[in-house]
Amino acid sequence: MFTRKSSALIAQAMCAGAVATVVVTATPASAQTIVPCSATALSAAIAAANGAQGGDLVLAPGCTYALTTPLPDITSTITVNARHSTLTRSSTASFGILSVASGGKLSISDATITNGDAPDFGGGIANRGVLHVTDSVFRDNHATYSGAIGGGSGSTTWIERTTIQRNTAKVNGGGVANDGNMTILNSRLIGNTAGAVSGNGVGGGVANDGTLNIVRSDINENHADRAGGVADIDGGTTTIKDTNVNANTADVAPGGVLSTPEPNNISGTVNLISSWVRNNRPTNCAGSNIAIAGCTN
């Protein structure tokens, strides 16, 4: 999706309605590290935890960690208790806020992540390993793919009780894009945008060509060149359960949910279970390359 495909994101299959369980645990008996309110201190704490093969980082409550250079990639098992702190880019340089390397595991809670500007994917967090996000806010981040959170090929991502708002992607996945295995639970994706610059962006809220489960969430008021709400493309499997997909807009139908085999003629699957796809413009699902059962107009 991100580099191997020009307009597609993401592949694998999952039983309809099932929710993958992701458990991210800290290194056994690892001591907590209190991180002072300083971007330099945060960078050093991540580097130290990587060197120690893991650690628990506790941020200064309510602090703004203003980054002028990228933080180290997460290469070990790290837990971050942000305590309502903000991680933001404060630089003209383009970089995302956090990056989880293949083999790395990050669990982060109670964070606000803003103003990331990744040149490739994951303006807020780029995940190539295992990521667990809870009780957090991703706002005003930017990337080519996946404005807020990007799950790369082979990754596992769990997003719970999190708001993803006003993020943008030049191509696909204004809020989130998934190329691996992702679950979005009890979360809100609102006012995100995909495309505009490229003219062929899909998935203003979410773009998927892996395995994606969206459960008890709201995907509302997002915009894209096509499929303002959710785009399942290139053989992906998307299950949407007990979820609202409302008031999204697109320049080309559908405005709500798209399922398409483009560009490799691989059939994708969208399963709607007890969900509501309503008031999207120009259509809810009509115009999708593959018909979506249970979706009208």
# chains A, B, ... in the order shown; residues from 1 in each chain; ligands from 1
>>> residues_around(residues="stretch 217-230 of chain A", least_positions_apart="4", cutoff="6 Å", atoms="only C-alpha atoms", output="PyMOL selection string")
chain A and resi 186-195+200-207+243-252+254-258
>>> select_by_dssp(residues="stretch 3-165 of chain A", states="alpha helix (DSSP H)", output="list in words")
Ala39, Thr40, Ala41, Leu42, Ser43, Ala44, Ala45, Ile46, Ala47, Ala48, Ala49, Asn50 and Gly51 of chain A
>>> atom_distance(atom1="atom CA of A:Ala118", atom2="atom CA of A:Asn181")
21.2 Å
>>> closest_residue(among="A:Ser94, A:Val100, A:Ile108, A:Asn50", to="A:Ser76", atoms="only C-alpha atoms")
A:Asn50
>>> residues_around(residues="stretch 36-42 of chain A", least_positions_apart="2", cutoff="9 Å", atoms="only C-alpha atoms", output="JSON, numbers by chain")
{"A": [34, 44, 45, 46, 47, 57, 58, 59, 60, 61, 62, 63, 64, 65, 66, 67, 68, 69, 71, 87]}
